[in-house]
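Step one of this worksheet: look at the structure below.
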Amino acid sequence: MNLKNFLLLFLFFIGLTSCSTDFKRVEVKTSSLEGYIEGGNGLGLYGKASLKLTGDSLVMKDWPMSRLVDNLNVIIDSSLTDQTSFNEVYTIKIANKSQLEQREFIDSLLVQLNDLNLIK
């Protein structure tokens with residue numbers, strides 16, 4: 001590999017690693033929810049990005065908020081909108097600690113995400 005190709009590849013990886021979302025970790029602790037929301041790493045999109053939403057928890061790693069919004073819109077038949085920019089990714093881990101029904105759990109999540117101006 002010549003020097004020019006090496007420098008281009010190096011600059012590409014520098015740019016890619018700087019794609020981390022600048023969103024400070026926020027602890028979520030209510031009577032029914034417990035966990036956190038934080039900015040993710042853009043490299044996760046090409047690695048171990050994941051989204052798992054069950055009645056017991058939401059676990060999202062290095063995914064754009066738009067993916068979560070799309071899934072929630074299907075699950076609860078709504079028209080939520082993503083308030084983040086297209087290149088931001090997030091890591092979320094929130095548990096349903098009071099055994100809410102799935103719709104109540106999702107509604108509680110939506111309140112938290114809306115309060116942080118991540119969705120509308």
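Letters A, B, ... mark the chains of the structure tokens in the order given; residue numbers begin at 1 per chain; ligand numbers begin at 1, in order shown.
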#### Entry: Shell around Val26 in chain A at 10 Å using only C-alpha atoms, local window under 5 positions removed, as a PyMOL selection string
chain A and resi 35-39+92+116
Write down as a PDB file with N, CA and C atoms, in the first residue's frame the residues belonging to chain A that are assigned helix (DSSP H, G or I) by DSSP computed on the backbone.
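And here's out_39.pdb as it stands now:
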ATOM      1  N   LEU A   3       1.813   5.359   0.280  1.00  0.00           N
ATOM      2  CA  LEU A   3       1.601   6.349   1.334  1.00  0.00           C
ATOM      3  C   LEU A   3       0.281   7.105   1.161  1.00  0.00           C
ATOM      4  N   LYS A   4      -0.069   7.411  -0.069  1.00  0.00           N
ATOM      5  CA  LYS A   4      -1.318   8.143  -0.328  1.00  0.00           C
ATOM      6  C   LYS A   4      -2.534   7.326   0.127  1.00  0.00           C
ATOM      7  N   ASN A   5      -2.570   6.070  -0.214  1.00  0.00           N
ATOM      8  CA  ASN A   5      -3.682   5.207   0.196  1.00  0.00           C
ATOM      9  C   ASN A   5      -3.729   5.044   1.709  1.00  0.00           C
ATOM     10  N   PHE A   6      -2.559   4.922   2.315  1.00  0.00           N
ATOM     11  CA  PHE A   6      -2.499   4.796   3.766  1.00  0.00           C
ATOM     12  C   PHE A   6      -3.058   6.042   4.446  1.00  0.00           C
ATOM     13  N   LEU A   7      -2.663   7.217   3.966  1.00  0.00           N
ATOM     14  CA  LEU A   7      -3.148   8.469   4.552  1.00  0.00           C
ATOM     15  C   LEU A   7      -4.659   8.626   4.377  1.00  0.00           C
ATOM     16  N   LEU A   8      -5.178   8.260   3.211  1.00  0.00           N
ATOM     17  CA  LEU A   8      -6.627   8.333   2.991  1.00  0.00           C
ATOM     18  C   LEU A   8      -7.376   7.395   3.927  1.00  0.00           C
ATOM     19  N   LEU A   9      -6.877   6.204   4.078  1.00  0.00           N
ATOM     20  CA  LEU A   9      -7.491   5.239   4.979  1.00  0.00           C
ATOM     21  C   LEU A   9      -7.407   5.720   6.428  1.00  0.00           C
ATOM     22  N   PHE A  10      -6.283   6.261   6.799  1.00  0.00           N
ATOM     23  CA  PHE A  10      -6.095   6.796   8.148  1.00  0.00           C
ATOM     24  C   PHE A  10      -7.073   7.941   8.420  1.00  0.00           C
ATOM     25  N   LEU A  11      -7.196   8.872   7.497  1.00  0.00           N
ATOM     26  CA  LEU A  11      -8.128   9.997   7.654  1.00  0.00           C
ATOM     27  C   LEU A  11      -9.580   9.520   7.700  1.00  0.00           C
ATOM     28  N   PHE A  12      -9.897   8.512   6.933  1.00  0.00           N
ATOM     29  CA  PHE A  12     -11.241   7.945   6.956  1.00  0.00           C
ATOM     30  C   PHE A  12     -11.567   7.395   8.340  1.00  0.00           C
ATOM     31  N   PHE A  13     -10.656   6.650   8.933  1.00  0.00           N
ATOM     32  CA  PHE A  13     -10.897   6.079  10.252  1.00  0.00           C
ATOM     33  C   PHE A  13     -10.930   7.137  11.346  1.00  0.00           C
ATOM     34  N   ILE A  14     -10.134   8.175  11.196  1.00  0.00           N
ATOM     35  CA  ILE A  14     -10.185   9.291  12.154  1.00  0.00           C
ATOM     36  C   ILE A  14     -11.574   9.943  12.089  1.00  0.00           C
ATOM     37  N   GLY A  15     -12.054  10.185  10.894  1.00  0.00           N
ATOM     38  CA  GLY A  15     -13.383  10.781  10.724  1.00  0.00           C
ATOM     39  C   GLY A  15     -14.480   9.882  11.263  1.00  0.00           C
ATOM     40  N   LEU A  16     -14.355   8.592  11.038  1.00  0.00           N
ATOM     41  CA  LEU A  16     -15.368   7.648  11.500  1.00  0.00           C
ATOM     42  C   LEU A  16     -15.397   7.550  13.019  1.00  0.00           C
ATOM     43  N   THR A  17     -14.239   7.545  13.648  1.00  0.00           N
ATOM     44  CA  THR A  17     -14.212   7.444  15.109  1.00  0.00           C
ATOM     45  C   THR A  17     -14.655   8.725  15.779  1.00  0.00           C
ATOM     46  N   GLY A  42     -20.409   5.834  16.720  1.00  0.00           N
ATOM     47  CA  GLY A  42     -20.777   5.613  15.323  1.00  0.00           C
ATOM     48  C   GLY A  42     -20.206   4.344  14.739  1.00  0.00           C
ATOM     49  N   LEU A  43     -19.086   3.870  15.263  1.00  0.00           N
ATOM     50  CA  LEU A  43     -18.516   2.619  14.776  1.00  0.00           C
ATOM     51  C   LEU A  43     -19.389   1.429  15.115  1.00  0.00           C
ATOM     52  N   GLY A  44     -20.253   1.568  16.094  1.00  0.00           N
ATOM     53  CA  GLY A  44     -21.141   0.474  16.472  1.00  0.00           C
ATOM     54  C   GLY A  44     -22.076   0.079  15.349  1.00  0.00           C
ATOM     55  N   LEU A  45     -22.410   1.021  14.467  1.00  0.00           N
ATOM     56  CA  LEU A  45     -23.281   0.709  13.339  1.00  0.00           C
ATOM     57  C   LEU A  45     -22.694  -0.370  12.461  1.00  0.00           C
ATOM     58  N   TYR A  46     -21.382  -0.484  12.483  1.00  0.00           N
ATOM     59  CA  TYR A  46     -20.719  -1.470  11.642  1.00  0.00           C
ATOM     60  C   TYR A  46     -20.265  -2.681  12.436  1.00  0.00           C
ATOM     61  N   MET A  65     -31.544   7.072  16.885  1.00  0.00           N
ATOM     62  CA  MET A  65     -32.861   7.183  17.520  1.00  0.00           C
ATOM     63  C   MET A  65     -33.966   6.928  16.497  1.00  0.00           C
ATOM     64  N   SER A  66     -33.713   7.232  15.244  1.00  0.00           N
ATOM     65  CA  SER A  66     -34.732   7.022  14.203  1.00  0.00           C
ATOM     66  C   SER A  66     -35.146   5.556  14.096  1.00  0.00           C
ATOM     67  N   ARG A  67     -34.226   4.638  14.326  1.00  0.00           N
ATOM     68  CA  ARG A  67     -34.577   3.209  14.280  1.00  0.00           C
ATOM     69  C   ARG A  67     -35.522   2.845  15.418  1.00  0.00           C
ATOM     70  N   LEU A  68     -35.250   3.378  16.597  1.00  0.00           N
ATOM     71  CA  LEU A  68     -36.138   3.133  17.731  1.00  0.00           C
ATOM     72  C   LEU A  68     -37.516   3.743  17.457  1.00  0.00           C
ATOM     73  N   VAL A  69     -37.526   4.970  16.948  1.00  0.00           N
ATOM     74  CA  VAL A  69     -38.790   5.648  16.643  1.00  0.00           C
ATOM     75  C   VAL A  69     -39.595   4.849  15.616  1.00  0.00           C
ATOM     76  N   ASP A  70     -38.936   4.356  14.577  1.00  0.00           N
ATOM     77  CA  ASP A  70     -39.631   3.552  13.563  1.00  0.00           C
ATOM     78  C   ASP A  70     -40.274   2.316  14.195  1.00  0.00           C
ATOM     79  N   ASN A  71     -39.537   1.640  15.066  1.00  0.00           N
ATOM     80  CA  ASN A  71     -40.073   0.447  15.727  1.00  0.00           C
ATOM     81  C   ASN A  71     -41.239   0.787  16.653  1.00  0.00           C
ATOM     82  N   LEU A  72     -41.101   1.863  17.406  1.00  0.00           N
ATOM     83  CA  LEU A  72     -42.190   2.261  18.308  1.00  0.00           C
ATOM     84  C   LEU A  72     -43.434   2.671  17.523  1.00  0.00           C
ATOM     85  N   ASN A  73     -43.247   3.330  16.402  1.00  0.00           N
ATOM     86  CA  ASN A  73     -44.390   3.720  15.569  1.00  0.00           C
ATOM     87  C   ASN A  73     -45.176   2.497  15.090  1.00  0.00           C
ATOM     88  N   VAL A  74     -44.472   1.434  14.785  1.00  0.00           N
ATOM     89  CA  VAL A  74     -45.143   0.199  14.355  1.00  0.00           C
ATOM     90  C   VAL A  74     -45.836  -0.477  15.540  1.00  0.00           C
ATOM     91  N   ILE A  75     -45.145  -0.550  16.663  1.00  0.00           N
ATOM     92  CA  ILE A  75     -45.684  -1.262  17.831  1.00  0.00           C
ATOM     93  C   ILE A  75     -46.938  -0.586  18.370  1.00  0.00           C
ATOM     94  N   ILE A  76     -46.900   0.731  18.490  1.00  0.00           N
ATOM     95  CA  ILE A  76     -48.030   1.412  19.119  1.00  0.00           C
ATOM     96  C   ILE A  76     -48.881   2.197  18.115  1.00  0.00           C
ATOM     97  N   GLN A 102     -46.909  -3.793  28.638  1.00  0.00           N
ATOM     98  CA  GLN A 102     -46.041  -3.310  27.566  1.00  0.00           C
ATOM     99  C   GLN A 102     -46.401  -1.886  27.127  1.00  0.00           C
ATOM    100  N   ARG A 103     -47.672  -1.593  26.910  1.00  0.00           N
ATOM    101  CA  ARG A 103     -48.051  -0.248  26.458  1.00  0.00           C
ATOM    102  C   ARG A 103     -47.723   0.810  27.515  1.00  0.00           C
ATOM    103  N   GLU A 104     -47.947   0.497  28.784  1.00  0.00           N
ATOM    104  CA  GLU A 104     -47.605   1.448  29.854  1.00  0.00           C
ATOM    105  C   GLU A 104     -46.094   1.666  29.926  1.00  0.00           C
ATOM    106  N   PHE A 105     -45.342   0.592  29.734  1.00  0.00           N
ATOM    107  CA  PHE A 105     -43.883   0.686  29.725  1.00  0.00           C
ATOM    108  C   PHE A 105     -43.418   1.586  28.587  1.00  0.00           C
ATOM    109  N   ILE A 106     -43.956   1.380  27.403  1.00  0.00           N
ATOM    110  CA  ILE A 106     -43.584   2.203  26.252  1.00  0.00           C
ATOM    111  C   ILE A 106     -43.976   3.658  26.486  1.00  0.00           C
ATOM    112  N   ASP A 107     -45.163   3.885  27.028  1.00  0.00           N
ATOM    113  CA  ASP A 107     -45.577   5.261  27.328  1.00  0.00           C
ATOM    114  C   ASP A 107     -44.627   5.928  28.316  1.00  0.00           C
ATOM    115  N   SER A 108     -44.173   5.188  29.317  1.00  0.00           N
ATOM    116  CA  SER A 108     -43.212   5.732  30.282  1.00  0.00           C
ATOM    117  C   SER A 108     -41.876   6.052  29.615  1.00  0.00           C
ATOM    118  N   LEU A 109     -41.447   5.177  28.697  1.00  0.00           N
ATOM    119  CA  LEU A 109     -40.221   5.439  27.936  1.00  0.00           C
ATOM    120  C   LEU A 109     -40.367   6.701  27.095  1.00  0.00           C
ATOM    121  N   LEU A 110     -41.521   6.834  26.454  1.00  0.00           N
ATOM    122  CA  LEU A 110     -41.751   7.998  25.598  1.00  0.00           C
ATOM    123  C   LEU A 110     -41.684   9.298  26.383  1.00  0.00           C
ATOM    124  N   VAL A 111     -42.201   9.290  27.593  1.00  0.00           N
ATOM    125  CA  VAL A 111     -42.131  10.487  28.438  1.00  0.00           C
ATOM    126  C   VAL A 111     -40.674  10.865  28.688  1.00  0.00           C
ATOM    127  N   GLN A 112     -39.844   9.874  29.023  1.00  0.00           N
ATOM    128  CA  GLN A 112     -38.431  10.140  29.289  1.00  0.00           C
ATOM    129  C   GLN A 112     -37.706  10.638  28.040  1.00  0.00           C
ATOM    130  N   LEU A 113     -37.945   9.987  26.902  1.00  0.00           N
ATOM    131  CA  LEU A 113     -37.286  10.382  25.660  1.00  0.00           C
ATOM    132  C   LEU A 113     -37.736  11.767  25.205  1.00  0.00           C
ATOM    133  N   ASN A 114     -39.005  12.072  25.430  1.00  0.00           N
ATOM    134  CA  ASN A 114     -39.530  13.394  25.079  1.00  0.00           C
ATOM    135  C   ASN A 114     -38.932  14.467  25.990  1.00  0.00           C
ATOM    136  N   ASP A 115     -38.816  14.182  27.274  1.00  0.00           N
ATOM    137  CA  ASP A 115     -38.234  15.148  28.226  1.00  0.00           C
ATOM    138  C   ASP A 115     -36.789  15.489  27.846  1.00  0.00           C
TER     139      ASP A 115
END
### Query
Where does DSSP see strand (DSSP E or B) in range 33-118 of chain A, if you list the residues as an MDAnalysis selection string?
chainID A and resid 33:39 50:53 57:63 82 90:96
Asn117 in chain A: which residues within 10 Å, counting only C-alpha atoms, same-chain residues fewer than 6 positions away excluded, as a CSV table (one decimal) with all heavy atoms, in the first residue's frame?
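Result file follows (around-v5.csv):
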chain,number,residue,atom,x,y,z
A,82,ASP,N,-38.4,11.6,15.2
A,82,ASP,CA,-37.0,11.6,15.7
A,82,ASP,C,-36.6,13.1,15.8
A,82,ASP,O,-36.7,13.8,14.8
A,82,ASP,CB,-36.1,10.8,14.8
A,82,ASP,CG,-34.7,10.8,15.2
A,82,ASP,OD1,-34.3,11.2,16.3
A,82,ASP,OD2,-33.9,10.5,14.3
A,83,GLN,N,-36.0,13.5,16.9
A,83,GLN,CA,-35.5,14.9,17.1
A,83,GLN,C,-34.0,15.0,17.0
A,83,GLN,O,-33.4,16.1,17.3
A,83,GLN,CB,-36.1,15.5,18.4
A,83,GLN,CG,-37.6,15.6,18.4
A,83,GLN,CD,-38.1,16.5,17.4
A,83,GLN,OE1,-37.8,17.7,17.3
A,83,GLN,NE2,-39.0,16.0,16.5
A,84,THR,N,-33.3,13.9,16.7
A,84,THR,CA,-31.9,13.9,16.7
A,84,THR,C,-31.4,14.0,15.2
A,84,THR,O,-32.2,13.8,14.3
A,84,THR,CB,-31.3,12.6,17.3
A,84,THR,OG1,-31.8,11.5,16.5
A,84,THR,CG2,-31.8,12.4,18.7
A,111,VAL,N,-42.2,9.3,27.6
A,111,VAL,CA,-42.1,10.5,28.4
A,111,VAL,C,-40.7,10.9,28.7
A,111,VAL,O,-40.3,12.0,28.6
A,111,VAL,CB,-42.9,10.3,29.8
A,111,VAL,CG1,-42.6,11.4,30.8
A,111,VAL,CG2,-44.4,10.2,29.5
### Query
Which of these, A:Thr81, A:Asn2, A:Thr91, A:Ser32, has the shortest distance to Met60 in chain A once you count only C-alpha atoms?
A:Thr91
